[in-house]
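The structure appears below as structure tokens.
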Amino acid sequence: MPKKSAQPPPPAETEQPEAPIVEPTPPVDVLYCSVCTFPPEYCEFGSSFTRCKEWLKEDHPDLFDKYYSDEAFQTRIGTLSLEAQTKLEKDTAKKEAKAEAKADAALKKKLSSQVTIRRIERTKRKHVTAIYGLDAFGIDLKKAAKQFASKFATGASVTKNPQGLDEIVVQGDVSDEVLDMIEEGVGVLKGIPADNVEIVEDKKKKGGD
Amino acid sequence: MFKKFSPSTDIAGHTPVKTSVQRSIRAAVLSQWKIESETLEAIWPKKEGLVLVKCREHVSIYTVHGEPIFLQHFDGPFFPTLRLLHKYPYILPMVKVDRGAIRFLLAGAHMMCPGLTSAGGYLPPAEAALPAGTPVAIHAEGKEHAVGVGITKLGTEEMKKVNKGVAVETTTYLGDDLWVLKAL
């Protein structure tokens with residue numbers, strides 16, 4: 001492996017001509033839009049252009065002027081014909097509306113989804129608690145299981161239930177404690193409305209008392 | 001390549017890479033990219049082990065500290081991820097597409113010759129012509145940062161001559177599922 005390169009620095013022919021000598025070249029610091037994660041110059045192609053614009057106006061007004069002022073518009077469309085530009089803008093607006101509708105639907109689904117805490121009987125006086133539906137609220141099941149395990153000092157794991165969906169199974173009857181934790185939003189369990197949580201009890205069909 | 005990519009189904013496993021293999025990868029990267037070993041050292045310190053993330057369809061992503069830095073398809077050339085390319089824009093040769101093509105590129109399309117040869121596009125001049133199969137940074141007309149990473153399907157001189165069909169095959173682009181993924 002070449003430890004110290006004796007070769008001459010490569011000619012920098014890209015738009016950021018830097019002088020790479022022996023020191024490692026520092027990385028270019030690129031600003032990314034906090035709304036759509038693109039560099040702000042590409043926001044106009046994203047699906048949240050209006051919100052991106054607002055963000056840029058607020059946080060980086062100098063850049064906003066650079067990209068969206070009237071004289072910038074001319075350079076922005078470059079060689080593209082005006083007609084094609086209007087079409088592009090129309091497309092963007094359409095895309096934006098679509099993305100918004102999608103986000104709305106996702107939010108609605110999230111609000112209506114339920115978290116079920118089931119107490120399942122194992123042997124006579126032993127139970128496990130199965131918590132289903134946390135993933136709908138964007139919670140990492142593995143992390144949540146870990147949190148339960150350390151909180152209750154028992155085993156907690158992510159398993160597939162008979163329907164083939166992931167749920168967390170905690171050893172022991174901890175359904176009330178879990179409910180409290182969800183209501184308080186401890187650790188990773190954030191953003192779940194308390195109304196969406198229900199406790200169900202499963203009795204063993206046969207062999208119980 | 002990464003238009004649809006979800007870590008839970010498309011990743012087969014993470015494995016640390018053997019030091020001997022790491023050495024050959026480092027040499028390969030240094031020979032393929034326009035990068036000094038000191039800069040590569042800053043991106044990927046020698047002491048930090050490289051982790052190979054195997055994905056479906058023979059795509060391998062290499063990560064340092066969980067952050068993807070480059071990827072490879074079969075045993076082809078190494079591509080930097082777009083985030084890395086934004087930080088070090090000079091490591092790959094540049095081609096530029098005109099403004100009309102950006103929209104399609106952001107939808108994951110391959111780049112066609114006319115988009116590169118038209119007034120808004122840019123191809124390296126004849127004396128710096130690129131052969132087919134070179135990884136390139138895809139820039140866009142009037143924009144500062146790269147918008148994608150791709151591999152040339154034709155030599156650049158050939159593109160100018162034929163001016164038809166796929167010129168650059170897009171590997172990863174702004175807004176694809178690899179871009180969304182900040183860490184693996």
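The chains in the structure tokens are called A, B, ... from first to last as shown; in each chain the residues are counted from 1, and the ligands are counted from 1 in the order shown.
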
Contact check, region 68-99 of chain B to region 48-60 of chain B, at most 6 Å, counting only C-alpha atoms, closest pairs as a Markdown table:
| residue | atom | partner | partner_atom | distance |
| --- | --- | --- | --- | --- |
| B:Leu71 | CA | B:Ser60 | CA | 5.6 |
| B:Gln72 | CA | B:Ser60 | CA | 5.2 |
| B:His73 | CA | B:Val59 | CA | 4.6 |
| B:Phe74 | CA | B:His58 | CA | 5.3 |

| task | Return as a ChimeraX atom specification the residues belonging to chain B that are within 8 Å of chain A, counting only C-alpha atoms. | result | /B:23-24,26-27,34-42,86-90,93-94,98-100,103,106,119-120,141-145,174-175

Could you take the residues named above and write them with N, CA and C atoms, as an mmCIF file, in the first residue's frame?
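Done, and the output landed in result38.cif:
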data_model
loop_
_atom_site.group_PDB
_atom_site.id
_atom_site.type_symbol
_atom_site.label_atom_id
_atom_site.label_comp_id
_atom_site.auth_asym_id
_atom_site.auth_seq_id
_atom_site.Cartn_x
_atom_site.Cartn_y
_atom_site.Cartn_z
ATOM 1 N N ARG B 23 -6.468 -3.904 2.070
ATOM 2 C CA ARG B 23 -5.296 -3.308 1.429
ATOM 3 C C ARG B 23 -5.500 -3.242 -0.087
ATOM 4 N N SER B 24 -6.016 -4.335 -0.639
ATOM 5 C CA SER B 24 -6.200 -4.333 -2.098
ATOM 6 C C SER B 24 -7.303 -3.363 -2.506
ATOM 7 N N ARG B 26 -8.010 -0.574 -0.957
ATOM 8 C CA ARG B 26 -7.438 0.764 -0.853
ATOM 9 C C ARG B 26 -6.603 1.090 -2.092
ATOM 10 N N ALA B 27 -5.824 0.097 -2.518
ATOM 11 C CA ALA B 27 -4.997 0.319 -3.708
ATOM 12 C C ALA B 27 -5.872 0.537 -4.933
ATOM 13 N N LYS B 34 -9.433 9.970 -8.531
ATOM 14 C CA LYS B 34 -8.396 10.993 -8.478
ATOM 15 C C LYS B 34 -8.318 11.481 -7.042
ATOM 16 N N ILE B 35 -7.689 10.702 -6.227
ATOM 17 C CA ILE B 35 -7.672 11.047 -4.814
ATOM 18 C C ILE B 35 -6.292 10.754 -4.263
ATOM 19 N N GLU B 36 -5.805 11.610 -3.386
ATOM 20 C CA GLU B 36 -4.505 11.371 -2.775
ATOM 21 C C GLU B 36 -4.710 10.438 -1.598
ATOM 22 N N SER B 37 -3.691 9.683 -1.277
ATOM 23 C CA SER B 37 -3.849 8.704 -0.210
ATOM 24 C C SER B 37 -4.111 9.397 1.120
ATOM 25 N N GLU B 38 -3.648 10.655 1.262
ATOM 26 C CA GLU B 38 -3.870 11.362 2.535
ATOM 27 C C GLU B 38 -5.355 11.670 2.711
ATOM 28 N N THR B 39 -5.977 12.060 1.607
ATOM 29 C CA THR B 39 -7.395 12.384 1.705
ATOM 30 C C THR B 39 -8.206 11.122 1.975
ATOM 31 N N LEU B 40 -7.821 10.054 1.305
ATOM 32 C CA LEU B 40 -8.526 8.791 1.530
ATOM 33 C C LEU B 40 -8.363 8.375 2.975
ATOM 34 N N GLU B 41 -7.164 8.632 3.497
ATOM 35 C CA GLU B 41 -6.876 8.328 4.898
ATOM 36 C C GLU B 41 -7.837 9.094 5.820
ATOM 37 N N ALA B 42 -8.179 10.334 5.417
ATOM 38 C CA ALA B 42 -9.091 11.138 6.239
ATOM 39 C C ALA B 42 -10.515 10.590 6.168
ATOM 40 N N HIS B 86 -20.171 14.699 -2.773
ATOM 41 C CA HIS B 86 -20.434 16.109 -2.494
ATOM 42 C C HIS B 86 -19.303 16.718 -1.674
ATOM 43 N N LYS B 87 -18.746 15.909 -0.792
ATOM 44 C CA LYS B 87 -17.667 16.419 0.046
ATOM 45 C C LYS B 87 -16.370 16.534 -0.724
ATOM 46 N N TYR B 88 -16.122 15.586 -1.606
ATOM 47 C CA TYR B 88 -14.877 15.596 -2.382
ATOM 48 C C TYR B 88 -15.227 15.535 -3.868
ATOM 49 N N PRO B 89 -15.653 16.653 -4.432
ATOM 50 C CA PRO B 89 -16.222 16.609 -5.783
ATOM 51 C C PRO B 89 -15.213 16.288 -6.883
ATOM 52 N N TYR B 90 -13.906 16.342 -6.579
ATOM 53 C CA TYR B 90 -12.932 16.195 -7.654
ATOM 54 C C TYR B 90 -12.500 14.756 -7.879
ATOM 55 N N PRO B 93 -14.233 12.015 -12.631
ATOM 56 C CA PRO B 93 -14.401 12.928 -13.770
ATOM 57 C C PRO B 93 -15.867 13.350 -13.885
ATOM 58 N N MET B 94 -16.076 14.543 -14.442
ATOM 59 C CA MET B 94 -17.417 15.103 -14.435
ATOM 60 C C MET B 94 -18.052 15.056 -15.819
ATOM 61 N N ASP B 98 -28.095 18.561 -19.297
ATOM 62 C CA ASP B 98 -28.838 19.827 -19.398
ATOM 63 C C ASP B 98 -30.032 19.803 -18.446
ATOM 64 N N ARG B 99 -30.662 20.959 -18.339
ATOM 65 C CA ARG B 99 -31.676 21.124 -17.320
ATOM 66 C C ARG B 99 -32.894 20.235 -17.541
ATOM 67 N N GLY B 100 -33.167 19.968 -18.796
ATOM 68 C CA GLY B 100 -34.340 19.145 -19.092
ATOM 69 C C GLY B 100 -34.217 17.728 -18.567
ATOM 70 N N ARG B 103 -34.921 16.261 -14.217
ATOM 71 C CA ARG B 103 -36.178 15.688 -13.743
ATOM 72 C C ARG B 103 -36.187 14.167 -13.912
ATOM 73 N N LEU B 106 -33.649 12.464 -11.589
ATOM 74 C CA LEU B 106 -34.129 12.350 -10.216
ATOM 75 C C LEU B 106 -35.219 11.295 -10.085
ATOM 76 N N ALA B 119 -26.557 21.977 -25.559
ATOM 77 C CA ALA B 119 -25.875 23.198 -25.122
ATOM 78 C C ALA B 119 -25.645 23.238 -23.620
ATOM 79 N N GLY B 120 -26.607 22.750 -22.859
ATOM 80 C CA GLY B 120 -26.468 22.819 -21.408
ATOM 81 C C GLY B 120 -25.595 21.724 -20.833
ATOM 82 N N GLU B 141 -26.858 21.191 -15.246
ATOM 83 C CA GLU B 141 -26.694 22.539 -15.762
ATOM 84 C C GLU B 141 -27.081 23.576 -14.710
ATOM 85 N N GLY B 142 -26.174 24.516 -14.458
ATOM 86 C CA GLY B 142 -26.465 25.608 -13.546
ATOM 87 C C GLY B 142 -26.445 25.230 -12.081
ATOM 88 N N LYS B 143 -26.026 24.010 -11.767
ATOM 89 C CA LYS B 143 -26.007 23.592 -10.373
ATOM 90 C C LYS B 143 -24.567 23.368 -9.942
ATOM 91 N N GLU B 144 -24.375 23.514 -8.656
ATOM 92 C CA GLU B 144 -23.023 23.437 -8.134
ATOM 93 C C GLU B 144 -22.635 22.006 -7.785
ATOM 94 N N HIS B 145 -23.568 21.291 -7.192
ATOM 95 C CA HIS B 145 -23.228 19.971 -6.682
ATOM 96 C C HIS B 145 -23.665 18.868 -7.635
ATOM 97 N N LEU B 174 -29.596 11.596 -6.458
ATOM 98 C CA LEU B 174 -30.158 12.376 -5.372
ATOM 99 C C LEU B 174 -31.585 11.927 -5.083
ATOM 100 N N GLY B 175 -31.845 11.522 -3.863
ATOM 101 C CA GLY B 175 -33.206 11.181 -3.484
ATOM 102 C C GLY B 175 -33.558 9.712 -3.627
#

| query | Which residues, written as a ChimeraX atom specification, have at least one atom at most 10 Å from Thr170 (chain B), with only C-alpha atoms counted and residues fewer than 4 positions away on the same chain left out? | reply | /B:1-2,105,108-111,135-138,148-152,166

| Which of these residues is nearest to Ser118 (chain B), using only C-alpha atoms: B:Leu178, B:Ile91, B:Val97, B:Ala146? |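 For Ser118 (chain B), the nearest of the given residues is B:Val97.
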
| said: Give me the residues near Phe152 (chain A) as an MDAnalysis selection string, where near means some atom within 9 Å (using only C-alpha atoms) and where sequence neighbours in that chain fewer than 6 positions away do not count. | reply: chainID A and resid 170:172 174

| field | Secondary structure check, alpha helix (DSSP H) residues of region 10-207 of chain A, as an MDAnalysis selection string | value | chainID A and resid 49:59 61:68 70:77 82:112 141:152 175:184

| Excluding same-chain residues fewer than 2 positions from Met112 (chain B), what lies within 6 Å of it counting only C-alpha atoms, as JSON, numbers by chain? | {"B": [114, 115, 165, 166, 167]}

Store the residues picked out above, limited to C-alpha atoms, as a PDB file, in the first residue's frame.
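The resulting result-v5.pdb:
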ATOM      1  CA  PRO B 114     -28.518  14.136 -26.277  1.00  0.00           C
ATOM      2  CA  GLY B 115     -28.769  15.381 -22.687  1.00  0.00           C
ATOM      3  CA  GLY B 165     -29.356   6.053 -26.605  1.00  0.00           C
ATOM      4  CA  VAL B 166     -27.950   5.461 -23.151  1.00  0.00           C
ATOM      5  CA  ALA B 167     -24.699   7.263 -22.449  1.00  0.00           C
TER       6      ALA B 167
END
